[in-house]
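Below: the structure, in structure tokens.
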Amino acid sequence: MDGSNEPLRTTRPTSAKPILAKQRGIYRERAAPEALGRHVECLWNHRIPEGPPSPMAVVPDGCVDILWSMHGLAVAGPDRVAAFPVIAPGTDIIGLRFRPGVAASFLRTSLSQIAGEFVPLEVFWGRAARELEARIQDAPDASGRADMLADAVLQRLPAASPPPGNVAATLAHLRQSHGSSDNPIRALAATTGTSERTLRRRCHEHFGYGAKTLDRILRMQRFLEACRREPSSALGLLALDAGYADQAHLSREARELTTLSPAEIRRQLGGSRKAA
């Protein structure tokens, strides 16, 4: 698919350290309507500050988002590593974030086709996306725009199928297991009663990539949460709490998934440079 979308271009960071996306400008989340609670993680809005642009890192989280800006509606596919969007200062972005494993049913496509891509929503929803874009453009504020996104997804709920049982079981297993594995698909196939080949195919369809990649992403998200929850803890303890074998393992993964060191991540999320 053609993932080009000018206001959401991505690039690798320069020598300057990127800022974690949620730490840049004003970022807020709120719960989706109750009827969408099992499918949508949150509604959100993000205002990029005025002034000189600086590199921004969107860390992979296993999710897919529908985004709106003044340039239109787009789908942000699941990322394997951090994305570095180039967004003009002063831009307002409204978003709806699907829970991991859910978006494929609403978009009616395998997520492996859009992994790491920004794709116009019109590619998936056609005329309905164009009509939604026109209505959102005329909405008076960010809250109203987010509500319109939620309502559009709610209208598609009756035709959306829940993720297959083995996909849901895979996600639950990886979230509960804090131990790393070189080949999680083997254990997951046995746990879910599915062949490795079938489970691998379904992971690519519903997550955008394999179980090993999802495992790495969920572990990194646990580290981010641990930094927010206990910013003064030593990095070695935070690494073990998130499920890494040791601090060196965390450092390698942080660099590969975010380009940042664990210490820089902790600092940006409110920790102290002197915490160890």
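Residues are referred to by chain and number: the chain letter is A, B, ... according to the order shown in the structure tokens, the number counts from 1 in that chain, and ligands are numbered separately from 1 in the order shown.
Every protein, DNA or RNA residue with an atom at most 12 Å from Glu133 of chain A, where only C-alpha atoms count and chain neighbours fewer than 5 positions away do not, is listed here: A:Ile66, A:Leu67, A:Trp68, A:Ser69, A:Met70, A:His71, A:Gly72, A:Leu73, A:Ala74, A:Ile94, A:Pro120, A:Leu121, A:Glu122, A:Trp125, A:Gly126, A:Arg127, A:Ala128, A:Asp138, A:Ala139, A:Arg145, A:Ala146, A:Met148, A:Leu149, A:Ala152.
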>> Quick one: residues within 12 Å of Arg229 of chain A, only C-alpha atoms, excluding same-chain residues fewer than 4 positions away - as an NGL selection string?
In response: :A and (222-225 or 233 or 238 or 241-242 or 266 or 269-271)
Could you turn the residues from that selection into a file that holds all heavy atoms, as an mmCIF file, in the first residue's frame?
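Saved to part_13.cif:
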```cif
data_model
loop_
_atom_site.group_PDB
_atom_site.id
_atom_site.type_symbol
_atom_site.label_atom_id
_atom_site.label_comp_id
_atom_site.auth_asym_id
_atom_site.auth_seq_id
_atom_site.Cartn_x
_atom_site.Cartn_y
_atom_site.Cartn_z
ATOM 1 N N ARG A 222 6.395 -2.137 29.234
ATOM 2 C CA ARG A 222 6.447 -2.361 30.687
ATOM 3 C C ARG A 222 7.566 -1.535 31.320
ATOM 4 O O ARG A 222 7.419 -1.007 32.427
ATOM 5 C CB ARG A 222 6.629 -3.852 30.993
ATOM 6 C CG ARG A 222 5.409 -4.699 30.714
ATOM 7 C CD ARG A 222 5.491 -6.054 31.388
ATOM 8 N NE ARG A 222 6.538 -6.900 30.856
ATOM 9 C CZ ARG A 222 6.378 -7.780 29.865
ATOM 10 N NH1 ARG A 222 5.188 -7.924 29.292
ATOM 11 N NH2 ARG A 222 7.384 -8.530 29.451
ATOM 12 N N PHE A 223 8.692 -1.418 30.599
ATOM 13 C CA PHE A 223 9.783 -0.591 31.123
ATOM 14 C C PHE A 223 9.357 0.877 31.199
ATOM 15 O O PHE A 223 9.627 1.560 32.196
ATOM 16 C CB PHE A 223 11.026 -0.739 30.248
ATOM 17 C CG PHE A 223 12.112 0.235 30.593
ATOM 18 C CD1 PHE A 223 12.772 0.167 31.816
ATOM 19 C CD2 PHE A 223 12.470 1.251 29.701
ATOM 20 C CE1 PHE A 223 13.768 1.078 32.144
ATOM 21 C CE2 PHE A 223 13.460 2.167 30.022
ATOM 22 C CZ PHE A 223 14.108 2.078 31.249
ATOM 23 N N LEU A 224 8.697 1.375 30.173
ATOM 24 C CA LEU A 224 8.221 2.763 30.203
ATOM 25 C C LEU A 224 7.282 2.991 31.378
ATOM 26 O O LEU A 224 7.370 4.010 32.079
ATOM 27 C CB LEU A 224 7.512 3.105 28.895
ATOM 28 C CG LEU A 224 8.333 3.044 27.596
ATOM 29 C CD1 LEU A 224 7.459 3.437 26.412
ATOM 30 C CD2 LEU A 224 9.550 3.931 27.672
ATOM 31 N N GLU A 225 6.377 2.032 31.589
ATOM 32 C CA GLU A 225 5.436 2.168 32.702
ATOM 33 C C GLU A 225 6.159 2.115 34.042
ATOM 34 O O GLU A 225 5.826 2.852 34.975
ATOM 35 C CB GLU A 225 4.379 1.067 32.625
ATOM 36 C CG GLU A 225 3.331 1.122 33.720
ATOM 37 C CD GLU A 225 2.615 2.467 33.802
ATOM 38 O OE1 GLU A 225 2.386 3.086 32.743
ATOM 39 O OE2 GLU A 225 2.315 2.906 34.937
ATOM 40 N N SER A 233 13.919 4.513 40.871
ATOM 41 C CA SER A 233 14.508 3.181 41.013
ATOM 42 C C SER A 233 15.733 3.030 40.121
ATOM 43 O O SER A 233 15.844 3.651 39.055
ATOM 44 C CB SER A 233 13.481 2.102 40.643
ATOM 45 O OG SER A 233 12.450 2.033 41.591
ATOM 46 N N LEU A 238 14.533 -1.714 37.438
ATOM 47 C CA LEU A 238 13.491 -1.448 36.446
ATOM 48 C C LEU A 238 13.550 -2.474 35.311
ATOM 49 O O LEU A 238 12.516 -2.917 34.807
ATOM 50 C CB LEU A 238 13.649 -0.039 35.877
ATOM 51 C CG LEU A 238 13.375 1.120 36.848
ATOM 52 C CD1 LEU A 238 13.726 2.461 36.195
ATOM 53 C CD2 LEU A 238 11.927 1.128 37.313
ATOM 54 N N ASP A 241 12.078 -5.694 36.614
ATOM 55 C CA ASP A 241 10.635 -5.513 36.796
ATOM 56 C C ASP A 241 9.895 -5.617 35.473
ATOM 57 O O ASP A 241 8.779 -6.147 35.400
ATOM 58 C CB ASP A 241 10.378 -4.146 37.441
ATOM 59 C CG ASP A 241 8.924 -3.943 37.815
ATOM 60 O OD1 ASP A 241 8.255 -4.919 38.185
ATOM 61 O OD2 ASP A 241 8.440 -2.793 37.730
ATOM 62 N N ALA A 242 10.521 -5.146 34.396
ATOM 63 C CA ALA A 242 9.882 -5.182 33.082
ATOM 64 C C ALA A 242 10.012 -6.524 32.389
ATOM 65 O O ALA A 242 9.299 -6.792 31.417
ATOM 66 C CB ALA A 242 10.478 -4.091 32.205
ATOM 67 N N ARG A 266 14.274 7.172 31.108
ATOM 68 C CA ARG A 266 13.855 7.432 32.485
ATOM 69 C C ARG A 266 13.879 8.920 32.798
ATOM 70 O O ARG A 266 12.964 9.445 33.451
ATOM 71 C CB ARG A 266 14.757 6.663 33.460
ATOM 72 C CG ARG A 266 14.365 6.822 34.929
ATOM 73 C CD ARG A 266 15.336 6.109 35.842
ATOM 74 N NE ARG A 266 16.698 6.600 35.663
ATOM 75 C CZ ARG A 266 17.756 6.111 36.315
ATOM 76 N NH1 ARG A 266 17.596 5.104 37.157
ATOM 77 N NH2 ARG A 266 18.964 6.602 36.111
ATOM 78 N N LEU A 269 10.893 10.656 31.337
ATOM 79 C CA LEU A 269 9.632 10.295 31.984
ATOM 80 C C LEU A 269 9.573 10.748 33.442
ATOM 81 O O LEU A 269 8.677 10.377 34.182
ATOM 82 C CB LEU A 269 9.411 8.778 31.894
ATOM 83 C CG LEU A 269 9.205 8.256 30.471
ATOM 84 C CD1 LEU A 269 9.060 6.740 30.469
ATOM 85 C CD2 LEU A 269 7.972 8.883 29.839
ATOM 86 N N GLY A 270 10.566 11.534 33.859
ATOM 87 C CA GLY A 270 10.491 12.149 35.176
ATOM 88 C C GLY A 270 11.484 11.626 36.174
ATOM 89 O O GLY A 270 11.449 12.027 37.338
ATOM 90 N N GLY A 271 12.391 10.745 35.752
ATOM 91 C CA GLY A 271 13.370 10.187 36.687
ATOM 92 C C GLY A 271 14.553 11.115 36.908
ATOM 93 O O GLY A 271 14.689 12.166 36.297
#
```
Taking only C-alpha atoms into account, produce a table as CSV in which each residue of segment 70-187 of chain A with an atom at most 6 Å from an atom of segment 202-207 of chain A appears once, together with its shortest atom pair and the distance in Å to one decimal, ordered by chain and rising number.
```
residue,atom,partner,partner_atom,distance
A:Gly101,CA,A:His206,CA,4.8
A:Ala104,CA,A:His206,CA,5.6
A:Ser110,CA,A:Glu205,CA,4.3
A:Leu111,CA,A:Glu205,CA,5.2
A:Ser112,CA,A:His204,CA,5.4
```
Per-residue nearest contacts segment 121-195 of chain A to segment 44-63 of chain A, cut-off 12 Å, using only C-alpha atoms, as CSV:
```
residue,atom,partner,partner_atom,distance
A:Asp141,CA,A:Asn45,CA,10.7
A:Ala142,CA,A:Asn45,CA,7.0
A:Ser143,CA,A:Asn45,CA,8.3
A:Gly144,CA,A:Asn45,CA,11.1
A:Arg145,CA,A:Asn45,CA,9.6
A:Ala146,CA,A:Trp44,CA,7.3
A:Asp147,CA,A:Trp44,CA,10.3
A:Leu149,CA,A:Trp44,CA,10.6
A:Ala150,CA,A:Trp44,CA,10.9
A:Leu171,CA,A:Gly62,CA,9.9
A:Leu174,CA,A:Gly62,CA,11.8
A:Arg175,CA,A:Gly62,CA,11.5
```
Applying 12 Å and only C-alpha atoms, which residues near Lys17 of chain A remain after dropping the ones on its own chain fewer than 4 positions away? List them as a PDB file with all heavy atoms, in the first residue's frame.
```pdb
ATOM      1  N   ARG A  12      14.612   9.379  10.232  1.00  0.00           N
ATOM      2  CA  ARG A  12      15.480   9.000  11.332  1.00  0.00           C
ATOM      3  C   ARG A  12      15.961  10.261  12.039  1.00  0.00           C
ATOM      4  O   ARG A  12      16.133  11.313  11.419  1.00  0.00           O
ATOM      5  CB  ARG A  12      16.680   8.203  10.833  1.00  0.00           C
ATOM      6  CG  ARG A  12      16.310   6.901  10.160  1.00  0.00           C
ATOM      7  CD  ARG A  12      15.666   5.922  11.122  1.00  0.00           C
ATOM      8  NE  ARG A  12      16.606   5.469  12.130  1.00  0.00           N
ATOM      9  CZ  ARG A  12      16.274   4.661  13.141  1.00  0.00           C
ATOM     10  NH1 ARG A  12      15.013   4.285  13.288  1.00  0.00           N
ATOM     11  NH2 ARG A  12      17.170   4.260  14.012  1.00  0.00           N
ATOM     12  N   PRO A  13      16.196  10.185  13.365  1.00  0.00           N
ATOM     13  CA  PRO A  13      16.623  11.378  14.083  1.00  0.00           C
ATOM     14  C   PRO A  13      18.038  11.794  13.698  1.00  0.00           C
ATOM     15  O   PRO A  13      18.833  10.992  13.219  1.00  0.00           O
ATOM     16  CB  PRO A  13      16.558  10.924  15.550  1.00  0.00           C
ATOM     17  CG  PRO A  13      16.752   9.446  15.495  1.00  0.00           C
ATOM     18  CD  PRO A  13      16.067   9.004  14.233  1.00  0.00           C
ATOM     19  N   SER A  54      11.681  19.791  16.668  1.00  0.00           N
ATOM     20  CA  SER A  54      12.711  18.931  17.239  1.00  0.00           C
ATOM     21  C   SER A  54      12.307  17.487  17.004  1.00  0.00           C
ATOM     22  O   SER A  54      11.117  17.175  16.878  1.00  0.00           O
ATOM     23  CB  SER A  54      12.879  19.205  18.741  1.00  0.00           C
ATOM     24  OG  SER A  54      11.675  18.959  19.426  1.00  0.00           O
ATOM     25  N   PRO A  55      13.268  16.573  16.921  1.00  0.00           N
ATOM     26  CA  PRO A  55      12.936  15.174  16.648  1.00  0.00           C
ATOM     27  C   PRO A  55      12.072  14.584  17.758  1.00  0.00           C
ATOM     28  O   PRO A  55      12.267  14.860  18.944  1.00  0.00           O
ATOM     29  CB  PRO A  55      14.297  14.491  16.565  1.00  0.00           C
ATOM     30  CG  PRO A  55      15.245  15.412  17.261  1.00  0.00           C
ATOM     31  CD  PRO A  55      14.710  16.786  17.067  1.00  0.00           C
ATOM     32  N   MET A  56      11.104  13.783  17.370  1.00  0.00           N
ATOM     33  CA  MET A  56      10.137  13.192  18.297  1.00  0.00           C
ATOM     34  C   MET A  56      10.043  11.696  18.019  1.00  0.00           C
ATOM     35  O   MET A  56       9.961  11.275  16.863  1.00  0.00           O
ATOM     36  CB  MET A  56       8.780  13.867  18.097  1.00  0.00           C
ATOM     37  CG  MET A  56       7.701  13.407  19.051  1.00  0.00           C
ATOM     38  SD  MET A  56       6.206  14.441  18.878  1.00  0.00           S
ATOM     39  CE  MET A  56       5.602  13.908  17.263  1.00  0.00           C
ATOM     40  N   ALA A  57      10.075  10.886  19.070  1.00  0.00           N
ATOM     41  CA  ALA A  57      10.048   9.432  18.926  1.00  0.00           C
ATOM     42  C   ALA A  57       8.717   8.871  19.403  1.00  0.00           C
ATOM     43  O   ALA A  57       8.323   9.080  20.555  1.00  0.00           O
ATOM     44  CB  ALA A  57      11.185   8.795  19.732  1.00  0.00           C
ATOM     45  N   PHE A  84       9.563   8.380  13.763  1.00  0.00           N
ATOM     46  CA  PHE A  84      10.012   9.746  14.012  1.00  0.00           C
ATOM     47  C   PHE A  84       9.262  10.690  13.082  1.00  0.00           C
ATOM     48  O   PHE A  84       9.789  11.155  12.072  1.00  0.00           O
ATOM     49  CB  PHE A  84      11.529   9.844  13.814  1.00  0.00           C
ATOM     50  CG  PHE A  84      12.291   8.901  14.702  1.00  0.00           C
ATOM     51  CD1 PHE A  84      12.643   7.641  14.239  1.00  0.00           C
ATOM     52  CD2 PHE A  84      12.611   9.245  15.998  1.00  0.00           C
ATOM     53  CE1 PHE A  84      13.322   6.755  15.056  1.00  0.00           C
ATOM     54  CE2 PHE A  84      13.277   8.362  16.832  1.00  0.00           C
ATOM     55  CZ  PHE A  84      13.637   7.105  16.359  1.00  0.00           C
ATOM     56  N   ARG A 255      17.907   0.774  22.770  1.00  0.00           N
ATOM     57  CA  ARG A 255      18.570   1.401  21.625  1.00  0.00           C
ATOM     58  C   ARG A 255      17.923   0.964  20.312  1.00  0.00           C
ATOM     59  O   ARG A 255      17.693   1.771  19.416  1.00  0.00           O
ATOM     60  CB  ARG A 255      20.058   1.026  21.615  1.00  0.00           C
ATOM     61  CG  ARG A 255      20.865   1.680  22.715  1.00  0.00           C
ATOM     62  CD  ARG A 255      21.086   3.152  22.468  1.00  0.00           C
ATOM     63  NE  ARG A 255      22.044   3.710  23.426  1.00  0.00           N
ATOM     64  CZ  ARG A 255      22.339   4.997  23.507  1.00  0.00           C
ATOM     65  NH1 ARG A 255      21.727   5.859  22.707  1.00  0.00           N
ATOM     66  NH2 ARG A 255      23.208   5.440  24.384  1.00  0.00           N
ATOM     67  N   THR A 258      14.009   2.285  20.322  1.00  0.00           N
ATOM     68  CA  THR A 258      13.706   3.707  20.512  1.00  0.00           C
ATOM     69  C   THR A 258      14.823   4.650  20.070  1.00  0.00           C
ATOM     70  O   THR A 258      14.568   5.851  19.922  1.00  0.00           O
ATOM     71  CB  THR A 258      13.407   4.019  21.992  1.00  0.00           C
ATOM     72  OG1 THR A 258      14.624   4.008  22.748  1.00  0.00           O
ATOM     73  CG2 THR A 258      12.440   3.007  22.597  1.00  0.00           C
ATOM     74  N   THR A 259      16.042   4.173  19.917  1.00  0.00           N
ATOM     75  CA  THR A 259      17.293   4.912  19.687  1.00  0.00           C
ATOM     76  C   THR A 259      17.785   5.625  20.947  1.00  0.00           C
ATOM     77  O   THR A 259      18.856   6.229  20.930  1.00  0.00           O
ATOM     78  CB  THR A 259      17.208   5.947  18.542  1.00  0.00           C
ATOM     79  OG1 THR A 259      16.478   7.103  18.960  1.00  0.00           O
ATOM     80  CG2 THR A 259      16.579   5.365  17.276  1.00  0.00           C
ATOM     81  N   LEU A 260      17.046   5.561  22.034  1.00  0.00           N
ATOM     82  CA  LEU A 260      17.425   6.207  23.282  1.00  0.00           C
ATOM     83  C   LEU A 260      18.017   5.198  24.267  1.00  0.00           C
ATOM     84  O   LEU A 260      17.692   4.010  24.224  1.00  0.00           O
ATOM     85  CB  LEU A 260      16.213   6.882  23.925  1.00  0.00           C
ATOM     86  CG  LEU A 260      15.584   8.043  23.163  1.00  0.00           C
ATOM     87  CD1 LEU A 260      14.252   8.416  23.788  1.00  0.00           C
ATOM     88  CD2 LEU A 260      16.516   9.241  23.141  1.00  0.00           C
ATOM     89  N   SER A 261      18.838   5.687  25.180  1.00  0.00           N
ATOM     90  CA  SER A 261      19.339   4.829  26.254  1.00  0.00           C
ATOM     91  C   SER A 261      18.266   4.706  27.336  1.00  0.00           C
ATOM     92  O   SER A 261      17.402   5.582  27.476  1.00  0.00           O
ATOM     93  CB  SER A 261      20.604   5.430  26.868  1.00  0.00           C
ATOM     94  OG  SER A 261      20.279   6.618  27.592  1.00  0.00           O
ATOM     95  N   GLU A 264      18.181   7.843  29.452  1.00  0.00           N
ATOM     96  CA  GLU A 264      17.523   8.990  28.829  1.00  0.00           C
ATOM     97  C   GLU A 264      16.007   8.832  28.851  1.00  0.00           C
ATOM     98  O   GLU A 264      15.271   9.786  29.090  1.00  0.00           O
ATOM     99  CB  GLU A 264      18.020   9.156  27.390  1.00  0.00           C
ATOM    100  CG  GLU A 264      17.361  10.296  26.626  1.00  0.00           C
ATOM    101  CD  GLU A 264      17.611  11.666  27.224  1.00  0.00           C
ATOM    102  OE1 GLU A 264      18.593  11.828  27.994  1.00  0.00           O
ATOM    103  OE2 GLU A 264      16.829  12.580  26.927  1.00  0.00           O
ATOM    104  N   ILE A 265      15.539   7.614  28.635  1.00  0.00           N
ATOM    105  CA  ILE A 265      14.095   7.356  28.712  1.00  0.00           C
ATOM    106  C   ILE A 265      13.579   7.676  30.105  1.00  0.00           C
ATOM    107  O   ILE A 265      12.570   8.378  30.268  1.00  0.00           O
ATOM    108  CB  ILE A 265      13.789   5.893  28.343  1.00  0.00           C
ATOM    109  CG1 ILE A 265      14.056   5.651  26.851  1.00  0.00           C
ATOM    110  CG2 ILE A 265      12.338   5.534  28.686  1.00  0.00           C
ATOM    111  CD1 ILE A 265      13.973   4.202  26.441  1.00  0.00           C
ATOM    112  N   GLN A 268      13.467  11.445  30.735  1.00  0.00           N
ATOM    113  CA  GLN A 268      12.351  12.124  30.076  1.00  0.00           C
ATOM    114  C   GLN A 268      11.013  11.830  30.743  1.00  0.00           C
ATOM    115  O   GLN A 268      10.103  12.660  30.719  1.00  0.00           O
ATOM    116  CB  GLN A 268      12.292  11.726  28.599  1.00  0.00           C
ATOM    117  CG  GLN A 268      13.428  12.282  27.765  1.00  0.00           C
ATOM    118  CD  GLN A 268      13.155  12.170  26.278  1.00  0.00           C
ATOM    119  OE1 GLN A 268      11.997  12.140  25.846  1.00  0.00           O
ATOM    120  NE2 GLN A 268      14.219  12.106  25.485  1.00  0.00           N
TER     121      GLN A 268
END
```
>> Run DSSP on the backbone and tell me which residues of segment 17-151 of chain A come out as helix (DSSP H, G or I); list them as number ranges by chain.
In response: A: 21-23, 34-36, 103-107, 111-113, 122-125, 127-138, 142-151
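Within segment 20-72 of chain A, residues classed as strand (DSSP E) by DSSP on backbone coordinates are Leu20, Ile26, Tyr27, Arg28, Glu29, Arg30, Val40, Glu41, Cys42, Leu43, Trp44, Asn45, His46, Arg47, Met56, Ala57, Val64, Asp65, Ile66, Leu67, Trp68, Ser69 and Gly72 of chain A.
The space between atom CA of Ile114 of chain A and atom CA of Tyr209 of chain A spans 10.3 Å.
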> Hey, which of A:Thr109, A:Arg267, A:Thr191, A:Ala82 ends up closest to Gln221 of chain A? Count only C-alpha atoms.
Replying inline: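 Answer, going by the shortest atom-to-atom distance: A:Ala82.
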> So which one's closest to Glu253 of chain A, A:Ile217, A:Gly116, A:Thr91, A:Ala189? Using only C-alpha atoms, please.
Replying inline: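 Ranking A:Ile217, A:Gly116, A:Thr91, A:Ala189 by distance to Glu253 of chain A, first place goes to A:Ile217.
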